[in-house]
file target.cif (mmCIF, C-alpha atoms and all ligand atoms)
data_input
loop_
_atom_site.label_atom_id
_atom_site.label_comp_id
_atom_site.auth_asym_id
_atom_site.auth_seq_id
_atom_site.Cartn_x
_atom_site.Cartn_y
_atom_site.Cartn_z
CA MET A 1 0.00 0.00 0.00
CA ARG A 2 2.71 2.34 1.04
CA LYS A 3 4.45 1.63 -2.23
CA HIS A 4 1.28 2.51 -4.12
CA VAL A 5 0.92 5.77 -2.26
CA ALA A 6 4.51 6.56 -3.02
CA ILE A 7 3.99 5.83 -6.71
CA LEU A 8 0.82 7.90 -6.69
CA LEU A 9 2.63 10.78 -5.03
CA LEU A 10 5.50 10.47 -7.45
CA SER A 11 3.23 10.52 -10.47
CA LEU A 12 1.33 13.50 -9.07
CA LEU A 13 4.64 15.20 -8.57
CA SER A 14 5.73 14.55 -12.12
CA VAL A 15 2.42 15.92 -13.35
CA THR A 16 3.00 19.11 -11.38
CA VAL A 17 6.56 19.31 -12.69
CA VAL A 18 5.28 19.10 -16.26
CA ARG A 19 2.53 21.59 -15.43
CA ALA A 20 5.06 23.98 -13.99
CA GLN A 21 6.68 24.16 -17.42
CA ASP A 22 3.41 25.04 -19.08
CA TYR A 23 3.78 28.42 -20.66
CA VAL A 24 1.76 31.21 -19.13
CA PRO A 25 2.10 34.32 -21.29
CA ALA A 26 2.79 37.50 -19.33
CA PRO A 27 0.10 40.21 -19.38
CA GLU A 28 2.31 42.36 -21.63
CA ASN A 29 2.65 39.40 -23.98
CA LEU A 30 -1.12 39.04 -24.21
CA GLU A 31 -1.33 42.75 -24.90
CA ALA A 32 1.31 42.47 -27.62
CA ARG A 33 -0.67 39.65 -29.21
CA GLU A 34 -3.78 41.83 -29.49
CA GLU A 35 -1.76 44.73 -30.82
CA PHE A 36 -0.21 42.39 -33.34
CA ARG A 37 -3.66 41.18 -34.41
CA ASP A 38 -4.83 44.76 -34.79
CA ASP A 39 -1.89 45.61 -37.06
CA LYS A 40 -2.97 43.18 -39.79
CA PHE A 41 -0.18 44.04 -42.22
CA GLY A 42 3.60 43.78 -42.08
CA ILE A 43 6.48 43.77 -44.54
CA PHE A 44 8.98 40.92 -44.58
CA ILE A 45 12.51 41.83 -45.62
CA HIS A 46 14.88 39.14 -46.82
CA TRP A 47 18.27 40.70 -47.16
CA GLY A 48 21.79 39.41 -46.87
CA ILE A 49 25.00 38.98 -48.84
CA TYR A 50 23.13 36.50 -51.04
CA SER A 51 21.47 39.50 -52.69
CA MET A 52 24.75 39.97 -54.60
CA LEU A 53 24.25 36.62 -56.33
CA ALA A 54 20.72 37.75 -57.15
CA GLN A 55 19.38 34.19 -57.13
CA GLY A 56 17.36 34.30 -53.93
CA GLU A 57 18.33 33.52 -50.33
CA TRP A 58 18.81 29.80 -50.98
CA ALA A 59 21.58 30.30 -53.58
CA MET A 60 24.29 28.84 -51.34
CA THR A 61 22.48 25.52 -51.16
CA ASN A 62 20.71 25.52 -54.49
CA LEU A 63 23.99 26.09 -56.34
CA ASN A 64 26.06 23.97 -53.89
CA LEU A 65 28.41 26.85 -53.22
CA ASN A 66 31.41 26.10 -51.06
CA TYR A 67 31.02 27.90 -47.74
CA LYS A 68 34.48 29.47 -47.85
CA GLU A 69 33.96 30.73 -51.39
CA TYR A 70 30.51 32.02 -50.49
CA ALA A 71 31.89 33.85 -47.47
CA LYS A 72 34.07 35.96 -49.79
CA LEU A 73 30.92 37.75 -50.87
CA ALA A 74 31.05 39.57 -47.55
CA SER A 75 34.26 41.43 -48.37
CA GLY A 76 32.56 42.81 -51.49
CA PHE A 77 29.25 43.74 -49.87
CA TYR A 78 28.84 47.50 -49.99
CA PRO A 79 25.16 48.47 -50.34
CA SER A 80 25.95 52.07 -51.17
CA ARG A 81 22.31 53.12 -51.45
CA PHE A 82 21.10 51.62 -48.20
CA ASN A 83 19.06 54.13 -46.27
CA ALA A 84 17.06 52.71 -43.40
CA GLU A 85 14.78 55.71 -43.21
CA GLU A 86 13.87 55.44 -46.89
CA TRP A 87 12.96 51.80 -46.37
CA VAL A 88 10.88 52.48 -43.32
CA LYS A 89 9.14 55.43 -44.98
CA ALA A 90 8.22 53.31 -48.01
CA ILE A 91 7.04 50.55 -45.71
CA ALA A 92 4.99 52.92 -43.56
CA ALA A 93 3.47 54.37 -46.74
CA SER A 94 2.19 50.89 -47.63
CA GLY A 95 0.07 50.89 -44.50
CA ALA A 96 2.18 48.15 -42.92
CA LYS A 97 2.60 48.46 -39.17
CA TYR A 98 5.65 46.28 -38.72
CA ILE A 99 8.74 44.90 -40.40
CA CYS A 100 10.17 41.43 -40.06
CA PHE A 101 13.85 41.61 -40.95
CA THR A 102 16.19 38.66 -41.59
CA SER A 103 18.78 39.18 -38.87
CA ARG A 104 20.51 35.96 -39.89
CA HIS A 105 19.33 33.63 -42.62
CA HIS A 106 20.35 30.05 -43.40
CA ASP A 107 23.67 31.20 -44.91
CA GLY A 108 24.74 32.08 -41.37
CA PHE A 109 25.65 35.70 -42.04
CA SER A 110 24.62 38.15 -39.30
CA MET A 111 23.20 41.49 -40.39
CA TRP A 112 24.13 43.19 -37.11
CA ASP A 113 27.24 43.90 -35.07
CA THR A 114 27.35 40.64 -33.17
CA ASP A 115 30.12 39.81 -30.71
CA TYR A 116 29.68 36.09 -31.24
CA SER A 117 30.93 35.77 -34.81
CA ASP A 118 33.03 37.94 -37.11
CA TYR A 119 30.91 36.79 -39.99
CA ASN A 120 28.74 39.87 -39.74
CA ILE A 121 27.90 43.09 -41.50
CA VAL A 122 30.26 45.27 -39.45
CA ASP A 123 33.32 43.04 -39.17
CA ALA A 124 33.25 41.20 -42.48
CA THR A 125 32.17 43.85 -44.99
CA PRO A 126 33.69 47.15 -46.16
CA PHE A 127 30.30 48.70 -45.43
CA LYS A 128 30.95 48.39 -41.68
CA ARG A 129 27.54 49.79 -40.76
CA ASP A 130 25.20 48.04 -38.39
CA ILE A 131 22.20 47.64 -40.66
CA LEU A 132 19.96 46.30 -37.95
CA LYS A 133 20.79 49.23 -35.66
CA GLU A 134 19.95 51.72 -38.38
CA LEU A 135 16.76 49.89 -39.16
CA SER A 136 15.66 49.66 -35.56
CA GLU A 137 16.27 53.37 -35.06
CA ALA A 138 14.29 54.24 -38.18
CA CYS A 139 11.48 51.96 -36.99
CA GLN A 140 11.35 53.75 -33.65
CA LYS A 141 11.29 57.09 -35.39
CA TYR A 142 8.36 56.20 -37.64
CA GLY A 143 6.41 54.08 -35.18
CA ILE A 144 6.93 50.81 -37.03
CA LYS A 145 7.36 47.69 -34.93
CA LEU A 146 10.34 45.46 -35.50
CA HIS A 147 10.25 41.68 -35.76
CA LEU A 148 13.36 39.61 -36.37
CA TYR A 149 13.66 36.53 -38.50
CA TYR A 150 16.30 34.22 -37.07
CA SER A 151 17.38 30.99 -38.75
CA HIS A 152 17.81 27.99 -36.51
CA LEU A 153 19.60 26.15 -39.27
CA ASP A 154 23.00 27.19 -40.55
CA TRP A 155 24.80 26.28 -43.77
CA TYR A 156 28.08 27.87 -42.72
CA ARG A 157 29.06 26.86 -39.21
CA ASP A 158 30.82 23.63 -38.37
CA ASP A 159 28.93 23.23 -35.14
CA TYR A 160 25.57 23.15 -36.84
CA TYR A 161 25.78 19.43 -36.48
CA PRO A 162 24.25 17.04 -37.31
CA LEU A 163 23.94 18.50 -40.78
CA GLY A 164 20.34 18.83 -41.84
CA ARG A 165 18.44 18.00 -44.99
CA THR A 166 19.73 21.12 -46.71
CA GLY A 167 23.13 22.73 -47.10
CA ARG A 168 24.96 19.46 -47.58
CA GLY A 169 26.79 20.67 -50.64
CA THR A 170 28.54 23.61 -48.96
CA GLY A 171 31.71 21.64 -48.26
CA ARG A 172 31.86 21.52 -44.49
CA THR A 173 33.86 18.44 -43.51
CA THR A 174 34.72 18.89 -39.85
CA HIS A 175 32.07 19.27 -37.29
CA GLY A 176 31.91 20.85 -33.92
CA GLU A 177 29.33 20.29 -31.29
CA TRP A 178 25.68 21.10 -31.25
CA LYS A 179 26.10 22.44 -27.73
CA THR A 180 28.36 25.30 -28.86
CA TYR A 181 25.99 26.10 -31.71
CA TYR A 182 23.04 26.18 -29.34
CA GLU A 183 24.91 28.51 -27.00
CA PHE A 184 25.93 30.65 -29.94
CA MET A 185 22.29 31.05 -30.93
CA ASN A 186 21.18 31.91 -27.43
CA ASN A 187 23.99 34.44 -27.10
CA GLN A 188 23.00 36.07 -30.36
CA ILE A 189 19.32 36.14 -29.46
CA THR A 190 20.17 37.68 -26.10
CA GLU A 191 22.18 40.31 -27.92
CA LEU A 192 19.30 41.06 -30.27
CA LEU A 193 16.83 41.38 -27.44
CA THR A 194 19.17 43.52 -25.39
CA ASN A 195 20.81 45.90 -27.85
CA TYR A 196 18.02 46.36 -30.36
CA ALA A 197 15.00 46.42 -28.07
CA PRO A 198 12.10 46.42 -28.23
CA ILE A 199 11.76 43.46 -30.55
CA ARG A 200 8.09 42.69 -30.94
CA ALA A 201 8.61 39.22 -32.32
CA ILE A 202 11.23 36.62 -33.10
CA TRP A 203 10.41 34.62 -36.21
CA PHE A 204 12.29 31.32 -36.21
CA ASP A 205 12.87 29.17 -39.24
CA GLY A 206 14.72 25.95 -40.02
CA TRP A 207 13.16 23.44 -37.64
CA TRP A 208 12.14 21.35 -40.66
CA ASP A 209 15.83 20.87 -41.58
CA GLN A 210 16.44 18.15 -38.98
CA GLN A 211 15.00 14.67 -38.59
CA PRO A 212 11.68 14.44 -36.76
CA GLY A 213 12.32 14.10 -33.04
CA PHE A 214 15.51 16.16 -33.11
CA ASP A 215 15.87 18.12 -29.88
CA TRP A 216 16.30 21.80 -30.73
CA GLY A 217 16.12 22.86 -27.09
CA LEU A 218 13.21 25.13 -27.85
CA PRO A 219 11.53 25.26 -24.42
CA GLU A 220 14.68 26.70 -22.80
CA GLN A 221 15.27 29.07 -25.68
CA TYR A 222 11.70 30.29 -25.63
CA ALA A 223 11.80 30.72 -21.85
CA MET A 224 15.00 32.76 -22.21
CA ILE A 225 13.33 35.06 -24.74
CA HIS A 226 10.30 35.59 -22.54
CA ARG A 227 12.54 36.24 -19.57
CA LEU A 228 14.45 38.92 -21.49
CA GLN A 229 11.36 40.48 -23.08
CA PRO A 230 8.10 39.06 -21.76
CA ALA A 231 6.15 40.86 -24.47
CA CYS A 232 8.27 39.45 -27.29
CA LEU A 233 6.11 37.22 -29.47
CA ILE A 234 7.63 33.94 -30.59
CA ALA A 235 6.80 32.44 -33.96
CA ASN A 236 8.33 29.40 -35.61
CA ASN A 237 7.98 28.49 -39.27
CA HIS A 238 7.98 24.76 -38.54
CA HIS A 239 4.82 24.15 -40.55
CA GLN A 240 3.29 22.35 -37.54
CA ALA A 241 0.57 23.27 -35.10
CA PRO A 242 2.12 25.68 -32.54
CA PHE A 243 4.49 24.34 -29.91
CA GLU A 244 4.38 25.21 -26.22
CA GLY A 245 5.79 28.67 -25.64
CA GLU A 246 4.90 30.14 -29.04
CA ASP A 247 2.73 33.22 -29.31
CA ILE A 248 1.92 33.40 -33.01
CA GLN A 249 1.05 30.73 -35.53
CA ILE A 250 2.53 31.26 -38.96
CA PHE A 251 1.66 29.97 -42.39
CA GLU A 252 4.04 30.05 -45.32
CA ARG A 253 2.74 31.00 -48.76
CA ASP A 254 -0.85 30.08 -47.89
CA LEU A 255 -3.77 31.53 -46.01
CA PRO A 256 -4.79 29.61 -42.89
CA GLY A 257 -6.92 26.69 -44.00
CA GLU A 258 -5.42 26.57 -47.48
CA ASN A 259 -2.48 24.49 -48.60
CA THR A 260 -1.49 25.18 -52.18
CA ALA A 261 2.25 25.37 -51.48
CA GLY A 262 2.40 22.24 -49.34
CA TYR A 263 3.60 23.84 -46.07
CA SER A 264 0.24 24.48 -44.44
CA GLY A 265 -1.83 21.41 -43.63
CA GLN A 266 -1.61 22.08 -39.90
CA ASP A 267 -4.59 22.83 -37.67
CA ILE A 268 -5.42 26.44 -37.00
CA SER A 269 -4.86 27.36 -33.36
CA ALA A 270 -6.36 30.09 -31.21
CA LEU A 271 -3.09 32.06 -31.33
CA PRO A 272 -2.71 35.17 -33.48
CA LEU A 273 -2.19 34.08 -37.08
CA GLU A 274 0.16 35.32 -39.75
CA THR A 275 0.59 34.33 -43.38
CA CYS A 276 3.80 35.22 -45.17
CA GLN A 277 3.82 35.61 -48.91
CA THR A 278 6.19 36.81 -51.62
CA MET A 279 5.46 39.80 -53.83
CA ASN A 280 7.07 38.07 -56.80
CA GLY A 281 8.11 34.41 -56.49
CA MET A 282 11.21 34.63 -54.30
CA TRP A 283 12.06 35.92 -50.82
CA GLY A 284 15.60 37.11 -51.39
CA TYR A 285 16.41 39.31 -54.39
CA LYS A 286 16.30 37.38 -57.65
CA ILE A 287 17.28 39.37 -60.68
CA THR A 288 15.32 37.29 -63.18
CA ASP A 289 12.09 37.26 -61.20
CA GLN A 290 9.97 40.17 -62.37
CA ASP A 291 6.80 38.15 -61.95
CA TYR A 292 5.23 40.50 -59.43
CA LYS A 293 1.69 40.01 -58.22
CA SER A 294 -0.68 42.79 -59.23
CA VAL A 295 -1.85 45.40 -56.73
CA PRO A 296 -5.46 44.13 -56.79
CA ASP A 297 -4.19 40.60 -56.14
CA LEU A 298 -2.07 41.79 -53.23
CA ILE A 299 -4.98 43.75 -51.75
CA HIS A 300 -7.18 40.69 -52.14
CA TYR A 301 -4.60 38.58 -50.33
CA LEU A 302 -4.41 41.05 -47.46
CA VAL A 303 -8.18 41.23 -47.18
CA ARG A 304 -8.64 37.48 -47.46
CA ALA A 305 -6.08 37.06 -44.68
CA ALA A 306 -7.95 39.56 -42.48
CA GLY A 307 -11.19 37.67 -43.14
CA ARG A 308 -9.44 34.56 -41.85
CA ASN A 309 -8.37 36.43 -38.76
CA ALA A 310 -4.77 36.50 -39.98
CA ASN A 311 -2.12 39.11 -40.66
CA LEU A 312 -0.31 39.32 -43.96
CA LEU A 313 3.48 39.52 -43.88
CA LEU A 314 4.31 40.55 -47.43
CA ASN A 315 7.88 40.09 -48.58
CA VAL A 316 10.31 42.41 -50.31
CA GLY A 317 13.85 41.36 -51.28
CA PRO A 318 16.17 44.39 -51.37
CA GLN A 319 18.81 44.71 -54.08
CA PRO A 320 22.54 44.35 -53.37
CA ASN A 321 22.89 48.14 -53.66
CA GLY A 322 20.63 48.53 -50.65
CA GLU A 323 17.53 49.76 -52.45
CA LEU A 324 14.14 48.14 -52.38
CA PRO A 325 13.18 47.12 -55.93
CA ALA A 326 11.15 49.88 -57.60
CA ALA A 327 8.43 47.38 -58.55
CA ALA A 328 7.97 46.55 -54.87
CA VAL A 329 8.00 50.19 -53.76
CA GLU A 330 5.36 51.06 -56.35
CA ARG A 331 3.12 48.23 -55.18
CA MET A 332 3.57 49.24 -51.56
CA ARG A 333 2.62 52.80 -52.45
CA GLN A 334 -0.59 51.67 -54.14
CA ILE A 335 -1.54 49.30 -51.34
CA GLY A 336 -0.99 52.23 -48.99
CA GLU A 337 -3.33 54.44 -51.01
CA TRP A 338 -5.97 51.78 -50.73
CA MET A 339 -5.35 51.39 -46.99
CA GLN A 340 -5.75 55.15 -46.55
CA VAL A 341 -9.36 54.74 -47.63
CA TYR A 342 -10.18 51.23 -46.47
CA GLY A 343 -7.86 50.74 -43.49
CA GLU A 344 -10.75 51.17 -41.09
CA THR A 345 -12.28 47.94 -42.47
CA VAL A 346 -9.03 46.02 -41.93
CA TYR A 347 -6.97 47.38 -38.98
CA GLY A 348 -8.21 46.32 -35.58
CA THR A 349 -10.73 43.91 -37.03
CA ARG A 350 -11.12 40.20 -36.47
CA GLY A 351 -12.42 37.57 -38.86
CA GLY A 352 -16.10 38.37 -39.43
CA ASP A 353 -19.29 36.45 -38.74
CA VAL A 354 -19.59 35.01 -42.24
CA PRO A 355 -16.79 32.53 -42.96
CA PRO A 356 -14.54 33.17 -45.99
CA ARG A 357 -16.17 32.51 -49.36
CA ASP A 358 -15.06 32.64 -52.98
CA TRP A 359 -16.73 36.02 -53.39
CA GLY A 360 -14.79 37.48 -50.46
CA VAL A 361 -14.67 37.72 -46.70
CA THR A 362 -16.10 39.59 -43.74
CA THR A 363 -14.26 41.44 -40.99
CA ARG A 364 -15.70 42.58 -37.70
CA LYS A 365 -15.05 45.47 -35.33
CA GLY A 366 -17.53 46.25 -32.57
CA ASP A 367 -21.02 46.50 -34.08
CA LYS A 368 -19.65 46.86 -37.62
CA LEU A 369 -19.48 43.95 -39.98
CA TYR A 370 -17.53 44.75 -43.14
CA VAL A 371 -18.47 42.69 -46.15
CA HIS A 372 -15.52 42.65 -48.55
CA ILE A 373 -16.78 41.74 -51.99
CA LEU A 374 -13.75 40.79 -54.06
CA ASP A 375 -15.16 38.66 -56.81
CA LEU A 376 -18.92 38.55 -57.34
CA GLN A 377 -20.67 38.06 -60.68
CA ASP A 378 -24.09 38.86 -59.28
CA LYS A 379 -26.23 41.80 -58.24
CA GLY A 380 -27.29 40.04 -55.07
CA LEU A 381 -25.43 38.53 -52.16
CA PHE A 382 -26.91 36.41 -49.41
CA LEU A 383 -25.17 36.42 -46.03
CA PRO A 384 -26.07 33.65 -43.60
CA LEU A 385 -26.35 35.87 -40.55
CA SER A 386 -29.00 34.04 -38.62
CA GLY A 387 -29.50 35.42 -35.14
CA GLN A 388 -28.00 38.80 -36.09
CA LYS A 389 -30.05 41.91 -36.74
CA VAL A 390 -28.79 44.38 -39.29
CA LYS A 391 -29.64 48.00 -38.52
CA SER A 392 -28.18 49.58 -41.62
CA ALA A 393 -26.13 48.79 -44.70
CA VAL A 394 -24.04 51.31 -46.60
CA CYS A 395 -21.39 51.21 -49.27
CA PHE A 396 -18.26 51.97 -47.22
CA LYS A 397 -16.68 54.19 -49.86
CA ASP A 398 -19.47 56.70 -50.47
CA ARG A 399 -21.84 56.00 -47.55
CA ARG A 400 -24.72 55.36 -49.94
CA PRO A 401 -27.33 52.99 -48.56
CA VAL A 402 -27.28 49.42 -49.84
CA LYS A 403 -30.66 47.74 -50.27
CA PHE A 404 -31.15 44.78 -48.00
CA THR A 405 -33.84 42.42 -46.79
CA GLN A 406 -33.57 40.22 -43.78
CA ASP A 407 -35.17 37.06 -42.45
CA LYS A 408 -34.32 34.32 -39.96
CA GLN A 409 -31.77 32.76 -42.30
CA GLY A 410 -29.84 35.91 -42.93
CA VAL A 411 -29.47 39.05 -44.98
CA LEU A 412 -29.82 39.57 -48.70
CA LEU A 413 -27.90 42.51 -50.14
CA GLU A 414 -29.07 43.90 -53.48
CA PHE A 415 -26.98 46.10 -55.71
CA ASP A 416 -27.93 48.27 -58.66
CA ALA A 417 -24.96 46.88 -60.57
CA VAL A 418 -22.51 44.00 -60.12
CA PRO A 419 -19.89 45.26 -57.61
CA ALA A 420 -16.77 46.00 -59.60
CA ASP A 421 -14.34 47.67 -57.18
CA VAL A 422 -11.09 45.94 -56.22
CA ASP A 423 -12.84 45.45 -52.92
CA TYR A 424 -16.44 46.60 -52.74
CA VAL A 425 -16.99 47.02 -49.02
CA VAL A 426 -20.46 47.04 -47.52
CA GLU A 427 -20.58 48.27 -43.97
CA LEU A 428 -23.30 46.62 -41.93
CA THR A 429 -24.22 48.01 -38.56
CA LEU A 430 -25.50 45.25 -36.33
CA LYS A 431 -27.95 45.62 -33.48
C1 LIG B 501 11.58 29.30 -45.31
C2 LIG B 501 12.99 29.65 -45.72
O1 LIG B 501 13.70 28.52 -46.06
C3 LIG B 501 12.94 30.63 -46.87
O2 LIG B 501 14.23 30.98 -47.27
C4 LIG B 501 12.19 31.88 -46.44
O3 LIG B 501 12.90 32.52 -45.39
C5 LIG B 501 10.81 31.48 -45.99
C6 LIG B 501 10.03 32.62 -45.42
O4 LIG B 501 10.87 30.47 -45.00
O5 LIG B 501 10.91 28.62 -46.33
C7 LIG B 501 10.93 27.27 -46.43
C8 LIG B 501 10.84 26.49 -45.34
C9 LIG B 501 10.87 25.11 -45.50
C10 LIG B 501 10.98 24.58 -46.75
C11 LIG B 501 11.04 25.38 -47.85
C12 LIG B 501 11.02 26.74 -47.68
N1 LIG B 501 11.00 23.19 -46.92
O6 LIG B 501 10.80 22.46 -45.94
O7 LIG B 501 11.22 22.70 -48.04
#

call {"tool": "encode", "arguments": {"input": "target.cif", "output": "structure tokens"}}
result
Amino acid sequence: MRKHVAILLLSLLSVTVVRAQDYVPAPENLEAREEFRDDKFGIFIHWGIYSMLAQGEWAMTNLNLNYKEYAKLASGFYPSRFNAEEWVKAIAASGAKYICFTSRHHDGFSMWDTDYSDYNIVDATPFKRDILKELSEACQKYGIKLHLYYSHLDWYRDDYYPLGRTGRGTGRTTHGEWKTYYEFMNNQITELLTNYAPIRAIWFDGWWDQQPGFDWGLPEQYAMIHRLQPACLIANNHHQAPFEGEDIQIFERDLPGENTAGYSGQDISALPLETCQTMNGMWGYKITDQDYKSVPDLIHYLVRAAGRNANLLLNVGPQPNGELPAAAVERMRQIGEWMQVYGETVYGTRGGDVPPRDWGVTTRKGDKLYVHILDLQDKGLFLPLSGQKVKSAVCFKDRRPVKFTQDKQGVLLEFDAVPADVDYVVELTLK
């Protein structure tokens, strides 16, 4: 009997030990999550020495470039036209509220003045300027929040070992120890959270590089981040349902619930959601990729994300000279013009009462339900809003009343002509 009690006590104890590790987000973290949700739109920046090769950020692996040869790019990296304020101004003009910047991508090159490796923008390039510092200062100045992409995987270091699925052709023969690599990462992350604060989010990537079951030491790393900055939101592009300790769920190249690119079959959690998408076809600068999405398509993507309760993180890959591609800047400008008018129907909203449809989506803020009609070939639209009473319906743009009838099943909107705007928004006021 005594033995049984002891076992019972022991198992209760182990349950409490496990429970004690359960992540309880700090109040400021919960606040940051809501603020993040309200922001709805961010710009992703993929920039590194790979921009010189102009083949995207995977060039080192895709072309099987030797890591020592690749590293020579650094001594030629001089982005003479880099101007952090110009970037941030163009980004703010797009209506985006935050930037996610690649502090260190898979190639292992650090875009800030890190003490933990000389392979960085200040020590290894003739440019010698701390790009991240300049960017963080410009962000502060213009009220743009800063998120940092940080690659867990590394194609350059010897102590990123075991080697993962990718980066096997970069010529590393010796190998150090995972432990030193893990410490290196934690030191760098500490540096980022200390010297470049506030960082609203850390956006990890690379988990998928190792075999399933590989121990990345995430719980300790996440706990360290939340200790340093409790409000810092943790995201991880592992293409899985969120892990313990994460604050945002991200989707790559697909809206939540869709899976055209093959990275997004995972369940949708209750965490804030974010979809990242390219403006052309590549994240890092690719000279031959001029296949930019149109402005209406980009606006539709942003709106469809909002209707799914998700943010859009839209990518731009700066050129090796430090400028954002003109095609991207022009699109950002036009999205911004649209947001000037329609931002109210996007910012601060949550996914609306009517689930996403082919014709469009709904967003909700207080007693307003915004019906975003993106693609309708009809003069009527039925909304299954049973149990809701609509007080009034107006066209958001010109405040003209929209005809509607209502019964138990829902609301029928009737238009004089087929809605033809990029996004024809009907504002419903609910009782
Ligand atoms: C990842 C990065 O590899 C990519 O460079 C970019 O930063 C993007 C936002 O995130 O994309 C992936 C992740 C995993 C795979 C492919 C691309 N994968 O598993 O093949």

call {"tool": "residues_near_ligand", "arguments": {"input": "target.cif", "ligand": "ligand LIG 501 (chain B)", "cutoff": "7 Å", "atoms": "all atoms listed in the file", "output": "list in words"}}
result
Glu57, Trp58, Asp205, Gly206, Trp208, Asp209, Asn237, Glu252, Cys276 and Trp283 of chain A

call {"tool": "atom_distance", "arguments": {"input": "target.cif", "atom1": "atom CA of A:Asn66", "atom2": "atom CA of A:Ile45"}}
result
25.2 Å

call {"tool": "residues_around", "arguments": {"input": "target.cif", "residues": "A:Ala305", "least_positions_apart": "5", "cutoff": "9 Å", "atoms": "only C-alpha atoms", "output": "PDB file with C-alpha atoms, keeping the file's coordinate frame"}}
result
ATOM      1  CA  LYS A  40      -2.970  43.180 -39.790  1.00  0.00           C
ATOM      2  CA  LEU A 255      -3.770  31.530 -46.010  1.00  0.00           C
ATOM      3  CA  PRO A 256      -4.790  29.610 -42.890  1.00  0.00           C
ATOM      4  CA  GLU A 274       0.160  35.320 -39.750  1.00  0.00           C
ATOM      5  CA  THR A 275       0.590  34.330 -43.380  1.00  0.00           C
ATOM      6  CA  HIS A 300      -7.180  40.690 -52.140  1.00  0.00           C
ATOM      7  CA  ALA A 310      -4.770  36.500 -39.980  1.00  0.00           C
ATOM      8  CA  ASN A 311      -2.120  39.110 -40.660  1.00  0.00           C
ATOM      9  CA  LEU A 312      -0.310  39.320 -43.960  1.00  0.00           C
ATOM     10  CA  GLY A 351     -12.420  37.570 -38.860  1.00  0.00           C
ATOM     11  CA  VAL A 361     -14.670  37.720 -46.700  1.00  0.00           C
TER      12      VAL A 361
END

call {"tool": "atom_distance", "arguments": {"input": "target.cif", "atom1": "atom CA of A:Asn321", "atom2": "atom CA of A:Tyr150"}}
result
22.6 Å

call {"tool": "atom_distance", "arguments": {"input": "target.cif", "atom1": "atom CA of A:Asp254", "atom2": "atom CA of A:His226"}}
result
28.2 Å

call {"tool": "closest_residue", "arguments": {"input": "target.cif", "among": "A:Ser75, A:Gln221, A:Ser103, A:Gln229", "to": "A:Ala124", "atoms": "only C-alpha atoms"}}
result
A:Ser75

call {"tool": "closest_residue", "arguments": {"input": "target.cif", "among": "A:Lys293, A:Arg253, A:Arg331, A:His106", "to": "A:Met279", "atoms": "all atoms listed in the file"}}
result
A:Lys293

call {"tool": "residues_around", "arguments": {"input": "target.cif", "residues": "A:Pro27", "least_positions_apart": "3", "cutoff": "9 Å", "atoms": "all atoms listed in the file", "output": "list of chain:residue names"}}
result
A:Leu30, A:Glu31, A:Ala32, A:Pro230, A:Ala231

call {"tool": "write_last_selection", "arguments": {"input": "target.cif", "atoms": "C-alpha atoms", "output": "CSV table (one decimal), in the frame of the given file"}}
result
chain,number,residue,atom,x,y,z
A,30,LEU,CA,-1.1,39.0,-24.2
A,31,GLU,CA,-1.3,42.8,-24.9
A,32,ALA,CA,1.3,42.5,-27.6
A,230,PRO,CA,8.1,39.1,-21.8
A,231,ALA,CA,6.2,40.9,-24.5

call {"tool": "residues_around", "arguments": {"input": "target.cif", "residues": "stretch 367-383 of chain A", "least_positions_apart": "2", "cutoff": "9 Å", "atoms": "all atoms listed in the file", "output": "ChimeraX atom specification"}}
result
/A:300,303-304,307,345-346,352-354,358-365,385-386,396,409-431

call {"tool": "closest_residue", "arguments": {"input": "target.cif", "among": "A:Pro25, A:Gly56, A:Pro355, A:Gly176", "to": "A:Asp289", "atoms": "only C-alpha atoms"}}
result
A:Gly56

call {"tool": "closest_residue", "arguments": {"input": "target.cif", "among": "A:Arg333, A:His105, A:His238, A:Arg37", "to": "A:Trp155", "atoms": "all atoms listed in the file"}}
result
A:His105

call {"tool": "residues_around", "arguments": {"input": "target.cif", "residues": "A:Trp178", "least_positions_apart": "4", "cutoff": "7 Å", "atoms": "all atoms listed in the file", "output": "list in words"}}
result
Asp159, Tyr160, Tyr161 and Tyr182 of chain A

call {"tool": "closest_residue", "arguments": {"input": "target.cif", "among": "A:Gln406, A:Glu323, A:Thr125, A:Leu302", "to": "A:Gln277", "atoms": "all atoms listed in the file"}}
result
A:Leu302

call {"tool": "closest_residue", "arguments": {"input": "target.cif", "among": "A:Ser392, A:Gln319, A:Asn280, A:Gln266", "to": "A:Ser51", "atoms": "all atoms listed in the file"}}
result
A:Gln319

call {"tool": "residues_around", "arguments": {"input": "target.cif", "residues": "A:Asn29", "least_positions_apart": "4", "cutoff": "12 Å", "atoms": "only C-alpha atoms", "output": "PyMOL selection string"}}
result
chain A and resi 23-25+33-36+199-201+225-227+229-234+245-248+271-272

call {"tool": "residues_near_point", "arguments": {"input": "target.cif", "point": "(8.8, 28.5, -24.1)", "cutoff": "6 Å", "atoms": "only C-alpha atoms", "output": "list in words"}}
result
Pro219, Tyr222, Ala223, Glu244 and Gly245 of chain A
